[in-house]
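**Q** Just so it is clear, I am handing over query.pdb, which has PDB, C-alpha atoms.
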```pdb
ATOM      1  CA  MET A   1      90.596 115.589 112.245  1.00  0.00           C
ATOM      2  CA  ALA A   2      93.612 114.535 110.174  1.00  0.00           C
ATOM      3  CA  GLU A   3      93.942 115.831 106.624  1.00  0.00           C
ATOM      4  CA  PRO A   4      92.216 113.336 104.255  1.00  0.00           C
ATOM      5  CA  ILE A   5      94.273 111.450 101.652  1.00  0.00           C
ATOM      6  CA  THR A   6      93.410 112.760  98.201  1.00  0.00           C
ATOM      7  CA  LYS A   7      95.882 110.896  96.021  1.00  0.00           C
ATOM      8  CA  VAL A   8      97.729 107.552  96.027  1.00  0.00           C
ATOM      9  CA  SER A   9     100.406 106.048  93.798  1.00  0.00           C
ATOM     10  CA  ILE A  10     100.691 102.298  94.178  1.00  0.00           C
ATOM     11  CA  VAL A  11     103.770 100.333  93.131  1.00  0.00           C
ATOM     12  CA  VAL A  12     103.130  96.714  92.055  1.00  0.00           C
ATOM     13  CA  SER A  13     106.404  94.806  92.164  1.00  0.00           C
ATOM     14  CA  LYS A  14     105.232  91.194  92.407  1.00  0.00           C
ATOM     15  CA  GLY A  15     103.904  88.954  89.664  1.00  0.00           C
ATOM     16  CA  SER A  16     101.793  86.580  91.749  1.00  0.00           C
ATOM     17  CA  LEU A  17      98.030  86.813  92.042  1.00  0.00           C
ATOM     18  CA  GLU A  18      98.292  87.620  95.749  1.00  0.00           C
ATOM     19  CA  GLY A  19     100.922  90.228  94.869  1.00  0.00           C
ATOM     20  CA  VAL A  20      98.720  92.016  92.331  1.00  0.00           C
ATOM     21  CA  TYR A  21      95.186  91.936  93.772  1.00  0.00           C
ATOM     22  CA  PRO A  22      95.742  94.015  96.910  1.00  0.00           C
ATOM     23  CA  ALA A  23      97.117  96.849  94.778  1.00  0.00           C
ATOM     24  CA  LEU A  24      94.161  96.711  92.383  1.00  0.00           C
ATOM     25  CA  ILE A  25      91.669  96.611  95.240  1.00  0.00           C
ATOM     26  CA  MET A  26      93.337  99.594  96.892  1.00  0.00           C
ATOM     27  CA  ALA A  27      93.509 101.565  93.636  1.00  0.00           C
ATOM     28  CA  ASN A  28      89.876 100.828  92.818  1.00  0.00           C
ATOM     29  CA  GLY A  29      88.831 101.714  96.362  1.00  0.00           C
ATOM     30  CA  ALA A  30      90.735 104.976  96.172  1.00  0.00           C
ATOM     31  CA  ARG A  31      88.873 105.990  92.997  1.00  0.00           C
ATOM     32  CA  ALA A  32      85.557 104.945  94.547  1.00  0.00           C
ATOM     33  CA  GLU A  33      86.306 107.381  97.393  1.00  0.00           C
ATOM     34  CA  GLY A  34      87.004 110.111  94.871  1.00  0.00           C
ATOM     35  CA  MET A  35      90.774 110.001  95.301  1.00  0.00           C
ATOM     36  CA  GLU A  36      93.246 110.223  92.452  1.00  0.00           C
ATOM     37  CA  ALA A  37      95.048 106.894  91.916  1.00  0.00           C
ATOM     38  CA  ASN A  38      97.981 105.693  89.831  1.00  0.00           C
ATOM     39  CA  LEU A  39      99.381 102.185  89.479  1.00  0.00           C
ATOM     40  CA  PHE A  40     103.048 101.701  88.639  1.00  0.00           C
ATOM     41  CA  PHE A  41     103.960  98.169  87.547  1.00  0.00           C
ATOM     42  CA  THR A  42     107.580  97.256  88.044  1.00  0.00           C
ATOM     43  CA  PHE A  43     109.717  94.114  87.889  1.00  0.00           C
ATOM     44  CA  PHE A  44     107.568  90.936  87.954  1.00  0.00           C
ATOM     45  CA  GLY A  45     104.542  93.144  88.554  1.00  0.00           C
ATOM     46  CA  LEU A  46     104.722  93.842  84.804  1.00  0.00           C
ATOM     47  CA  ASP A  47     103.120  90.420  84.227  1.00  0.00           C
ATOM     48  CA  ALA A  48      99.811  91.895  85.390  1.00  0.00           C
ATOM     49  CA  ILE A  49      99.747  94.278  82.413  1.00  0.00           C
ATOM     50  CA  ASN A  50     101.513  92.020  79.910  1.00  0.00           C
ATOM     51  CA  ALA A  51      98.943  91.082  77.256  1.00  0.00           C
ATOM     52  CA  LYS A  52     100.371  87.557  76.926  1.00  0.00           C
ATOM     53  CA  ARG A  53     100.697  86.911  80.661  1.00  0.00           C
ATOM     54  CA  ILE A  54      97.720  88.668  82.223  1.00  0.00           C
ATOM     55  CA  GLU A  55      95.561  85.526  81.906  1.00  0.00           C
ATOM     56  CA  HIS A  56      98.269  83.383  83.508  1.00  0.00           C
ATOM     57  CA  VAL A  57      99.115  85.208  86.727  1.00  0.00           C
ATOM     58  CA  LYS A  58      99.171  82.566  89.471  1.00  0.00           C
ATOM     59  CA  VAL A  59      99.141  82.133  93.219  1.00  0.00           C
ATOM     60  CA  ALA A  60     102.632  81.278  94.515  1.00  0.00           C
ATOM     61  CA  ALA A  61     102.624  77.646  95.678  1.00  0.00           C
ATOM     62  CA  VAL A  62     106.215  77.785  96.977  1.00  0.00           C
ATOM     63  CA  GLY A  63     107.367  79.998  99.829  1.00  0.00           C
ATOM     64  CA  ASN A  64     103.821  80.984 100.645  1.00  0.00           C
ATOM     65  CA  PRO A  65     102.974  80.046 104.259  1.00  0.00           C
ATOM     66  CA  GLY A  66      99.522  81.579 103.737  1.00  0.00           C
ATOM     67  CA  LEU A  67      98.478  78.519 101.748  1.00  0.00           C
ATOM     68  CA  HIS A  68      98.742  76.403 104.913  1.00  0.00           C
ATOM     69  CA  MET A  69     100.063  73.310 103.221  1.00  0.00           C
ATOM     70  CA  ALA A  70     103.338  71.397 103.546  1.00  0.00           C
ATOM     71  CA  SER A  71     106.146  73.268 101.746  1.00  0.00           C
ATOM     72  CA  LEU A  72     107.199  70.117  99.963  1.00  0.00           C
ATOM     73  CA  LEU A  73     103.813  69.847  98.209  1.00  0.00           C
ATOM     74  CA  GLY A  74     104.242  73.297  96.697  1.00  0.00           C
ATOM     75  CA  VAL A  75     106.985  72.124  94.370  1.00  0.00           C
ATOM     76  CA  LEU A  76     104.818  69.410  92.770  1.00  0.00           C
ATOM     77  CA  PRO A  77     103.927  70.100  89.126  1.00  0.00           C
ATOM     78  CA  GLY A  78     100.565  71.848  88.746  1.00  0.00           C
ATOM     79  CA  MET A  79     100.357  72.919  92.389  1.00  0.00           C
ATOM     80  CA  SER A  80     100.384  76.607  91.530  1.00  0.00           C
ATOM     81  CA  ALA A  81      97.619  76.059  88.969  1.00  0.00           C
ATOM     82  CA  ILE A  82      95.510  74.207  91.544  1.00  0.00           C
ATOM     83  CA  ALA A  83      96.016  76.903  94.178  1.00  0.00           C
ATOM     84  CA  THR A  84      95.155  79.550  91.582  1.00  0.00           C
ATOM     85  CA  ARG A  85      92.018  77.724  90.477  1.00  0.00           C
ATOM     86  CA  MET A  86      90.857  77.414  94.072  1.00  0.00           C
ATOM     87  CA  MET A  87      91.520  81.092  94.693  1.00  0.00           C
ATOM     88  CA  GLU A  88      89.745  82.150  91.491  1.00  0.00           C
ATOM     89  CA  HIS A  89      86.768  79.997  92.384  1.00  0.00           C
ATOM     90  CA  LYS A  90      86.597  81.606  95.806  1.00  0.00           C
ATOM     91  CA  MET A  91      86.916  85.097  94.343  1.00  0.00           C
ATOM     92  CA  ASP A  92      84.171  84.367  91.837  1.00  0.00           C
ATOM     93  CA  GLU A  93      81.914  83.429  94.731  1.00  0.00           C
ATOM     94  CA  PHE A  94      82.450  86.887  96.214  1.00  0.00           C
ATOM     95  CA  ASP A  95      82.069  88.572  92.823  1.00  0.00           C
ATOM     96  CA  ILE A  96      85.695  89.691  92.665  1.00  0.00           C
ATOM     97  CA  PRO A  97      86.600  90.157  88.989  1.00  0.00           C
ATOM     98  CA  GLY A  98      89.292  88.164  87.190  1.00  0.00           C
ATOM     99  CA  LEU A  99      92.554  89.960  86.456  1.00  0.00           C
ATOM    100  CA  PRO A 100      91.822  91.197  82.889  1.00  0.00           C
ATOM    101  CA  GLU A 101      88.395  92.509  83.961  1.00  0.00           C
ATOM    102  CA  PHE A 102      89.876  94.083  87.084  1.00  0.00           C
ATOM    103  CA  ILE A 103      92.546  95.906  85.062  1.00  0.00           C
ATOM    104  CA  GLU A 104      89.794  97.203  82.764  1.00  0.00           C
ATOM    105  CA  LEU A 105      87.713  98.233  85.792  1.00  0.00           C
ATOM    106  CA  VAL A 106      90.455 100.304  87.434  1.00  0.00           C
ATOM    107  CA  ALA A 107      91.350 101.920  84.091  1.00  0.00           C
ATOM    108  CA  ASP A 108      87.683 102.792  83.410  1.00  0.00           C
ATOM    109  CA  ALA A 109      87.486 104.168  86.948  1.00  0.00           C
ATOM    110  CA  GLY A 110      90.120 106.699  85.917  1.00  0.00           C
ATOM    111  CA  CYS A 111      93.141 105.117  87.542  1.00  0.00           C
ATOM    112  CA  GLY A 112      96.386 105.706  85.605  1.00  0.00           C
ATOM    113  CA  LEU A 113      98.294 102.524  84.705  1.00  0.00           C
ATOM    114  CA  TYR A 114     102.023 102.787  83.965  1.00  0.00           C
ATOM    115  CA  GLY A 115     104.869 100.399  83.268  1.00  0.00           C
ATOM    116  CA  CYS A 116     108.345 100.882  84.723  1.00  0.00           C
ATOM    117  CA  LYS A 117     110.940 101.727  82.086  1.00  0.00           C
ATOM    118  CA  ALA A 118     113.911 100.075  83.789  1.00  0.00           C
ATOM    119  CA  SER A 119     111.993  96.799  84.186  1.00  0.00           C
ATOM    120  CA  ALA A 120     110.537  96.919  80.665  1.00  0.00           C
ATOM    121  CA  ASP A 121     114.070  97.426  79.307  1.00  0.00           C
ATOM    122  CA  LEU A 122     115.389  94.614  81.495  1.00  0.00           C
ATOM    123  CA  PHE A 123     112.785  92.126  80.274  1.00  0.00           C
ATOM    124  CA  GLY A 124     112.784  93.412  76.698  1.00  0.00           C
ATOM    125  CA  PHE A 125     109.169  94.684  76.720  1.00  0.00           C
ATOM    126  CA  SER A 126     107.838  97.656  74.793  1.00  0.00           C
ATOM    127  CA  GLU A 127     104.416  99.368  74.914  1.00  0.00           C
ATOM    128  CA  GLY A 128     103.068  96.920  72.335  1.00  0.00           C
ATOM    129  CA  ASP A 129     103.538  94.051  74.802  1.00  0.00           C
ATOM    130  CA  PHE A 130     101.146  95.590  77.314  1.00  0.00           C
ATOM    131  CA  VAL A 131      97.350  95.670  77.538  1.00  0.00           C
ATOM    132  CA  PRO A 132      95.788  98.786  75.951  1.00  0.00           C
ATOM    133  CA  GLN A 133      94.790 100.203  79.373  1.00  0.00           C
ATOM    134  CA  VAL A 134      98.464 101.036  80.061  1.00  0.00           C
ATOM    135  CA  LYS A 135      98.986 104.736  79.394  1.00  0.00           C
ATOM    136  CA  SER A 136     102.754 104.601  78.943  1.00  0.00           C
ATOM    137  CA  ILE A 137     106.095 103.336  80.135  1.00  0.00           C
ATOM    138  CA  ILE A 138     107.662 105.868  82.475  1.00  0.00           C
ATOM    139  CA  THR A 139     110.902 106.355  84.379  1.00  0.00           C
ATOM    140  CA  VAL A 140     111.242 106.392  88.158  1.00  0.00           C
ATOM    141  CA  GLY A 141     111.693 110.153  87.981  1.00  0.00           C
ATOM    142  CA  GLU A 142     108.441 110.565  86.078  1.00  0.00           C
ATOM    143  CA  PHE A 143     106.724 108.318  88.625  1.00  0.00           C
ATOM    144  CA  TYR A 144     107.859 110.535  91.500  1.00  0.00           C
ATOM    145  CA  ALA A 145     106.826 113.673  89.632  1.00  0.00           C
ATOM    146  CA  MET A 146     103.407 112.135  88.997  1.00  0.00           C
ATOM    147  CA  SER A 147     103.103 111.124  92.663  1.00  0.00           C
ATOM    148  CA  ALA A 148     103.767 114.627  93.978  1.00  0.00           C
ATOM    149  CA  GLY A 149     101.371 115.675  96.695  1.00  0.00           C
ATOM    150  CA  GLY A 150     100.102 112.144  97.323  1.00  0.00           C
ATOM    151  CA  GLN A 151     100.945 108.981  99.205  1.00  0.00           C
ATOM    152  CA  ILE A 152     103.115 106.235  97.725  1.00  0.00           C
ATOM    153  CA  ILE A 153     102.251 102.629  98.565  1.00  0.00           C
ATOM    154  CA  PHE A 154     104.655  99.791  97.756  1.00  0.00           C
ATOM    155  CA  THR A 155     103.277  96.290  97.355  1.00  0.00           C
TER
ATOM    156  CA  MET B   1      76.259 113.672 113.700  1.00  0.00           C
ATOM    157  CA  THR B   2      75.315 117.231 112.928  1.00  0.00           C
ATOM    158  CA  THR B   3      71.928 118.729 112.267  1.00  0.00           C
ATOM    159  CA  SER B   4      71.438 120.819 109.176  1.00  0.00           C
ATOM    160  CA  THR B   5      68.513 122.099 107.145  1.00  0.00           C
ATOM    161  CA  LEU B   6      67.940 120.627 103.699  1.00  0.00           C
ATOM    162  CA  ALA B   7      65.034 121.821 101.579  1.00  0.00           C
ATOM    163  CA  GLY B   8      63.484 123.358 104.707  1.00  0.00           C
ATOM    164  CA  VAL B   9      63.687 120.173 106.789  1.00  0.00           C
ATOM    165  CA  ALA B  10      66.026 119.674 109.772  1.00  0.00           C
ATOM    166  CA  VAL B  11      67.992 116.441 109.241  1.00  0.00           C
ATOM    167  CA  GLU B  12      70.813 114.621 111.035  1.00  0.00           C
ATOM    168  CA  ARG B  13      73.893 113.931 108.904  1.00  0.00           C
ATOM    169  CA  ASP B  14      77.092 111.997 109.621  1.00  0.00           C
ATOM    170  CA  ALA B  15      80.641 113.367 109.289  1.00  0.00           C
ATOM    171  CA  GLU B  16      80.658 112.671 105.534  1.00  0.00           C
ATOM    172  CA  GLY B  17      77.237 114.207 104.995  1.00  0.00           C
ATOM    173  CA  PHE B  18      75.109 111.060 104.635  1.00  0.00           C
ATOM    174  CA  LEU B  19      71.560 111.322 105.958  1.00  0.00           C
ATOM    175  CA  ALA B  20      71.046 109.482 109.240  1.00  0.00           C
ATOM    176  CA  ASP B  21      67.411 108.785 108.366  1.00  0.00           C
ATOM    177  CA  PRO B  22      66.885 107.932 104.669  1.00  0.00           C
ATOM    178  CA  SER B  23      63.110 108.171 105.097  1.00  0.00           C
ATOM    179  CA  LEU B  24      63.337 111.957 105.485  1.00  0.00           C
ATOM    180  CA  TRP B  25      64.820 112.315 101.994  1.00  0.00           C
ATOM    181  CA  SER B  26      63.100 114.187  99.190  1.00  0.00           C
ATOM    182  CA  GLU B  27      64.102 115.007  95.625  1.00  0.00           C
ATOM    183  CA  ALA B  28      64.414 118.668  96.616  1.00  0.00           C
ATOM    184  CA  MET B  29      67.065 117.610  99.166  1.00  0.00           C
ATOM    185  CA  ALA B  30      68.868 115.676  96.449  1.00  0.00           C
ATOM    186  CA  THR B  31      69.390 118.847  94.430  1.00  0.00           C
ATOM    187  CA  GLU B  32      70.846 120.613  97.477  1.00  0.00           C
ATOM    188  CA  ILE B  33      73.153 117.728  98.437  1.00  0.00           C
ATOM    189  CA  ALA B  34      74.313 117.464  94.819  1.00  0.00           C
ATOM    190  CA  ARG B  35      75.209 121.147  94.803  1.00  0.00           C
ATOM    191  CA  GLU B  36      77.352 120.625  97.940  1.00  0.00           C
ATOM    192  CA  GLU B  37      79.125 117.848  96.031  1.00  0.00           C
ATOM    193  CA  GLY B  38      79.725 120.111  93.054  1.00  0.00           C
ATOM    194  CA  VAL B  39      77.247 118.199  90.888  1.00  0.00           C
ATOM    195  CA  GLU B  40      74.527 119.870  88.832  1.00  0.00           C
ATOM    196  CA  LEU B  41      71.927 117.121  88.357  1.00  0.00           C
ATOM    197  CA  THR B  42      71.124 116.296  84.708  1.00  0.00           C
ATOM    198  CA  PRO B  43      68.499 113.691  83.674  1.00  0.00           C
ATOM    199  CA  ARG B  44      71.332 111.129  83.435  1.00  0.00           C
ATOM    200  CA  HIS B  45      72.442 111.899  87.024  1.00  0.00           C
ATOM    201  CA  TRP B  46      68.847 111.488  88.137  1.00  0.00           C
ATOM    202  CA  GLU B  47      68.685 108.069  86.505  1.00  0.00           C
ATOM    203  CA  VAL B  48      71.636 106.926  88.618  1.00  0.00           C
ATOM    204  CA  VAL B  49      70.370 108.603  91.805  1.00  0.00           C
ATOM    205  CA  ARG B  50      66.899 107.067  91.438  1.00  0.00           C
ATOM    206  CA  PHE B  51      68.497 103.709  90.652  1.00  0.00           C
ATOM    207  CA  MET B  52      70.522 103.901  93.893  1.00  0.00           C
ATOM    208  CA  ARG B  53      67.434 104.878  95.840  1.00  0.00           C
ATOM    209  CA  HIS B  54      65.469 102.014  94.320  1.00  0.00           C
ATOM    210  CA  ALA B  55      68.278  99.519  95.037  1.00  0.00           C
ATOM    211  CA  TYR B  56      68.341 100.631  98.660  1.00  0.00           C
ATOM    212  CA  GLU B  57      64.579 100.398  99.010  1.00  0.00           C
ATOM    213  CA  THR B  58      64.452  96.905  97.520  1.00  0.00           C
ATOM    214  CA  THR B  59      67.676  95.334  98.849  1.00  0.00           C
ATOM    215  CA  GLY B  60      68.482  97.431 101.919  1.00  0.00           C
ATOM    216  CA  ALA B  61      71.787  98.708 100.527  1.00  0.00           C
ATOM    217  CA  GLY B  62      73.108 100.771  97.640  1.00  0.00           C
ATOM    218  CA  PRO B  63      75.506  98.954  95.265  1.00  0.00           C
ATOM    219  CA  ASN B  64      79.225  99.677  94.899  1.00  0.00           C
ATOM    220  CA  VAL B  65      80.567 101.062  91.602  1.00  0.00           C
ATOM    221  CA  ARG B  66      81.073  97.747  89.816  1.00  0.00           C
ATOM    222  CA  LEU B  67      77.651  96.393  90.773  1.00  0.00           C
ATOM    223  CA  LEU B  68      76.042  99.751  90.000  1.00  0.00           C
ATOM    224  CA  ALA B  69      77.525  99.668  86.484  1.00  0.00           C
ATOM    225  CA  LYS B  70      76.489  96.045  85.989  1.00  0.00           C
ATOM    226  CA  THR B  71      72.914  96.492  87.160  1.00  0.00           C
ATOM    227  CA  SER B  72      72.097 100.027  85.972  1.00  0.00           C
ATOM    228  CA  GLY B  73      73.619  99.701  82.511  1.00  0.00           C
ATOM    229  CA  VAL B  74      75.555 102.973  82.980  1.00  0.00           C
ATOM    230  CA  SER B  75      79.230 102.169  82.304  1.00  0.00           C
ATOM    231  CA  VAL B  76      81.959 102.594  84.918  1.00  0.00           C
ATOM    232  CA  ARG B  77      83.530 105.236  82.705  1.00  0.00           C
ATOM    233  CA  GLU B  78      80.312 107.256  82.431  1.00  0.00           C
ATOM    234  CA  LEU B  79      79.578 106.884  86.150  1.00  0.00           C
ATOM    235  CA  TYR B  80      82.912 108.511  86.982  1.00  0.00           C
ATOM    236  CA  ALA B  81      82.276 111.245  84.399  1.00  0.00           C
ATOM    237  CA  LEU B  82      78.923 111.984  86.080  1.00  0.00           C
ATOM    238  CA  PHE B  83      80.236 111.761  89.655  1.00  0.00           C
ATOM    239  CA  PRO B  84      83.991 112.466  89.648  1.00  0.00           C
ATOM    240  CA  ARG B  85      84.251 112.264  93.458  1.00  0.00           C
ATOM    241  CA  GLY B  86      83.234 108.597  93.470  1.00  0.00           C
ATOM    242  CA  PRO B  87      79.974 107.502  91.754  1.00  0.00           C
ATOM    243  CA  ALA B  88      78.518 105.041  94.263  1.00  0.00           C
ATOM    244  CA  LYS B  89      79.445 107.180  97.252  1.00  0.00           C
ATOM    245  CA  THR B  90      78.257 110.477  95.775  1.00  0.00           C
ATOM    246  CA  ALA B  91      75.075 109.078  94.209  1.00  0.00           C
ATOM    247  CA  ALA B  92      74.225 107.349  97.505  1.00  0.00           C
ATOM    248  CA  LYS B  93      74.693 110.592  99.420  1.00  0.00           C
ATOM    249  CA  ILE B  94      72.503 112.482  96.937  1.00  0.00           C
ATOM    250  CA  ALA B  95      69.909 109.684  97.104  1.00  0.00           C
ATOM    251  CA  GLY B  96      69.810 110.036 100.887  1.00  0.00           C
ATOM    252  CA  ILE B  97      70.853 106.432 101.519  1.00  0.00           C
ATOM    253  CA  PRO B  98      73.781 105.020 103.560  1.00  0.00           C
ATOM    254  CA  LYS B  99      77.244 104.813 102.044  1.00  0.00           C
ATOM    255  CA  PRO B 100      77.690 101.567 100.068  1.00  0.00           C
ATOM    256  CA  HIS B 101      79.888  99.031 101.804  1.00  0.00           C
ATOM    257  CA  GLY B 102      82.297  96.554 100.266  1.00  0.00           C
ATOM    258  CA  CYS B 103      85.813  96.957  98.964  1.00  0.00           C
ATOM    259  CA  ILE B 104      85.354  96.349  95.243  1.00  0.00           C
TER
END
```
Mind converting the file's structure to structure tokens?
**A**
Amino acid sequence: MAEPITKVSIVVSKGSLEGVYPALIMANGARAEGMEANLFFTFFGLDAINAKRIEHVKVAAVGNPGLHMASLLGVLPGMSAIATRMMEHKMDEFDIPGLPEFIELVADAGCGLYGCKASADLFGFSEGDFVPQVKSIITVGEFYAMSAGGQIIFT
Amino acid sequence: MTTSTLAGVAVERDAEGFLADPSLWSEAMATEIAREEGVELTPRHWEVVRFMRHAYETTGAGPNVRLLAKTSGVSVRELYALFPRGPAKTAAKIAGIPKPHGCI
């Protein structure tokens, strides 16, 4: 039998709902299996841990063929909000937590949450801008050091 | 499936160590399975294990971590402190019930 995975480090680089959820589900699932898990939020992925933006992460209505609607409709005002509301309603039905609760869940499950220093600098964020579950802002080098001996997943 | 002896009873277990037949389970087996998992059962562990067992007996399945925390009143944080190798999975194994399904 192949050697089991005991540790994962997941990079979240996108700031859309569909960009953030898979990473959280995988991190939470890793902890539930007893694996060590870290989440590294970079670039627009930082929105998922930004205290002011966490409640406003939306489904992408443009350039998202998965929505199965005419591209032209996606640019209409409020389309992203509608798509997000529909998605949130669906997730609620299946008892999938909202983003703030999900972030709290993975942190309570012992998953390490980190912000990317280069991106935080780029957007002018400091630790005070992030939700309290974020342990710290770290460099790429620190991320690799932390990921030693595990698998790295980029989303 | 492999056959092993737990608390003096021969039982079938899957590759991860879950009992094939939950009806053969006893509390004496729980202590032995817990020891394999590196867990020394305290009264608080027992609360969770019995809760899992009860959930399985009444609903046909053990809950995942989030649902376990919600329904048992033991917080996610404490569940992981009690069962560091995965609370729902480990408590289910100790309770002699199938591994909880679901991704969240």
**Q** Given the file above and the PyMOL selection byres ((chain A) within 8 of (chain B)), which residues are selected, and can you give them as a PyMOL selection string?
**A** chain A and resi 25+28-29+31-35+96+105+108-110
**Q** Take the PyMOL selection byres ((chain B and resi 2-18) around 8), apply it to the structure above, and return the hits as a PDB file with C-alpha atoms, in the coordinates of the input.
**A**
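For reference, result.pdb as written:
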```
ATOM      1  CA  MET B   1      76.259 113.672 113.700  1.00  0.00           C
ATOM      2  CA  LEU B  19      71.560 111.322 105.958  1.00  0.00           C
ATOM      3  CA  ALA B  20      71.046 109.482 109.240  1.00  0.00           C
ATOM      4  CA  ASP B  21      67.411 108.785 108.366  1.00  0.00           C
ATOM      5  CA  LEU B  24      63.337 111.957 105.485  1.00  0.00           C
ATOM      6  CA  ALA B  28      64.414 118.668  96.616  1.00  0.00           C
ATOM      7  CA  MET B  29      67.065 117.610  99.166  1.00  0.00           C
ATOM      8  CA  GLU B  32      70.846 120.613  97.477  1.00  0.00           C
ATOM      9  CA  ILE B  33      73.153 117.728  98.437  1.00  0.00           C
ATOM     10  CA  LYS B  93      74.693 110.592  99.420  1.00  0.00           C
ATOM     11  CA  GLY B  96      69.810 110.036 100.887  1.00  0.00           C
ATOM     12  CA  ILE B  97      70.853 106.432 101.519  1.00  0.00           C
ATOM     13  CA  PRO B  98      73.781 105.020 103.560  1.00  0.00           C
ATOM     14  CA  LYS B  99      77.244 104.813 102.044  1.00  0.00           C
TER      15      LYS B  99
END
```
**Q** Find the distance between atom CA of A:Leu46 and atom CA of A:Gly124 and write it in Å to one decimal.
**A** 11.4 Å
**Q** Find the residues around A:Ala148 up to 12 Å (all atoms listed in the file counted), leave out those fewer than 6 positions away in its own chain, and share them as a VMD selection string.
**A** chain A and resid 6 to 9 36 to 38 141 to 142
**Q** Here is a test: counting only C-alpha atoms, which residue of B:Ala91, B:Thr31, B:Glu37, B:Lys70 is nearest to B:Val49?
**A**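 The shortest atom-to-atom distance to B:Val49 comes from B:Ala91.
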**Q** Excluding B:Phe51 and residues on its chain fewer than 6 positions from it, collect all residues at most 10 Å away from it, counting only C-alpha atoms, and give them as a ChimeraX atom specification.
**A** /B:45,57,62-63,68,71-72,91-92,95
**Q** Using atom CA of A:Asp95 and atom CA of A:Ala23 as the two end points, give the distance in Å to one decimal.
**A**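 Atom CA of A:Asp95 sits 17.3 Å away from atom CA of A:Ala23.
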**Q** Could you check which of A:Gln133, A:Thr84, A:Ser119, A:Ser126 is closest to A:Lys58, using only C-alpha atoms?
**A**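 Once distances to A:Lys58 are computed over only C-alpha atoms, the minimum belongs to A:Thr84.
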**Q** So how far away is atom CA of A:Met91 from atom CA of B:Ala61, in Å?
**A**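 Taking atom CA of B:Ala61 as the start and atom CA of A:Met91 as the end point, the length is 21.3 Å.
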**Q** What does the PyMOL selection byres ((chain A and resi 151-153) around 8) select in this file, as JSON, numbers by chain?
**A** {"A": [5, 7, 8, 9, 10, 11, 147, 149, 150, 154, 155]}
**Q** Between A:Gly15, A:Pro100, A:Gly128, A:Gly78, which residue has the minimum interatomic distance to A:Ile54, considering only C-alpha atoms?
**A**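 Ranking A:Gly15, A:Pro100, A:Gly128, A:Gly78 by distance to A:Ile54, first place goes to A:Pro100.
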**Q** Quick one: of A:Asp121, A:Glu3, A:Glu93, A:Glu88, who's nearest to A:His56, counting all atoms listed in the file?
**A** A:Glu88
**Q** Each side padded by 6 Å, which centre and which edge lengths in Å (one decimal) define the axis-aligned box around the listed atoms of stretch 53-66 of chain A? Give them as JSON.
**A**
```
{"center_x": 101.5, "center_y": 83.2, "center_z": 92.5, "size_x": 23.8, "size_y": 23.0, "size_z": 35.6}
```
**Q** Around the point (95.0, 85.0, 98.8), in the coordinates given by the file, pick out the residues reaching within 10 Å, counting all atoms listed in the file, and return them as a count of residues only.
**A** 18
**Q** Ranking A:Tyr114, A:Val20, A:Phe125, A:Ala51 by minimum distance to A:Thr139 and counting all atoms listed in the file, which one comes first?
**A**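 Going through A:Tyr114, A:Val20, A:Phe125, A:Ala51 one by one, the smallest distance to A:Thr139 is for A:Tyr114.
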**Q** Please list as a ChimeraX atom specification every residue within 7 Å of stretch 74-76 of chain A, counting all atoms listed in the file and excluding residues in the same chain fewer than 3 positions away.
**A** /A:61-62,71,79
**Q** Would you output stretch 59-69 of chain B from that structure, restricted to N, CA and C atoms, as a CSV table (one decimal), in the first residue's frame?
**A**
```csv
chain,number,residue,atom,x,y,z
B,59,THR,N,-29.8,6.7,14.4
B,59,THR,CA,-29.9,7.3,13.0
B,59,THR,C,-29.3,6.4,11.9
B,60,GLY,N,-28.5,5.4,12.3
B,60,GLY,CA,-27.9,4.5,11.4
B,60,GLY,C,-26.5,5.0,10.9
B,61,ALA,N,-26.0,6.1,11.4
B,61,ALA,CA,-24.7,6.6,11.0
B,61,ALA,C,-24.2,7.5,12.1
B,62,GLY,N,-22.8,7.5,12.3
B,62,GLY,CA,-22.2,8.4,13.2
B,62,GLY,C,-22.0,9.8,12.6
B,63,PRO,N,-22.1,10.9,13.3
B,63,PRO,CA,-22.0,12.2,12.7
B,63,PRO,C,-20.5,12.6,12.4
B,64,ASN,N,-20.3,13.5,11.4
B,64,ASN,CA,-19.0,14.1,11.2
B,64,ASN,C,-18.6,15.1,12.3
B,65,VAL,N,-17.5,15.7,12.2
B,65,VAL,CA,-17.0,16.5,13.3
B,65,VAL,C,-17.9,17.7,13.6
B,66,ARG,N,-18.3,18.4,12.6
B,66,ARG,CA,-19.1,19.6,12.8
B,66,ARG,C,-20.5,19.2,13.4
B,67,LEU,N,-21.1,18.2,12.9
B,67,LEU,CA,-22.4,17.7,13.4
B,67,LEU,C,-22.2,17.2,14.9
B,68,LEU,N,-21.1,16.5,15.1
B,68,LEU,CA,-20.9,15.9,16.4
B,68,LEU,C,-20.7,17.1,17.4
B,69,ALA,N,-20.0,18.1,17.1
B,69,ALA,CA,-19.9,19.3,18.0
B,69,ALA,C,-21.2,19.9,18.2
```
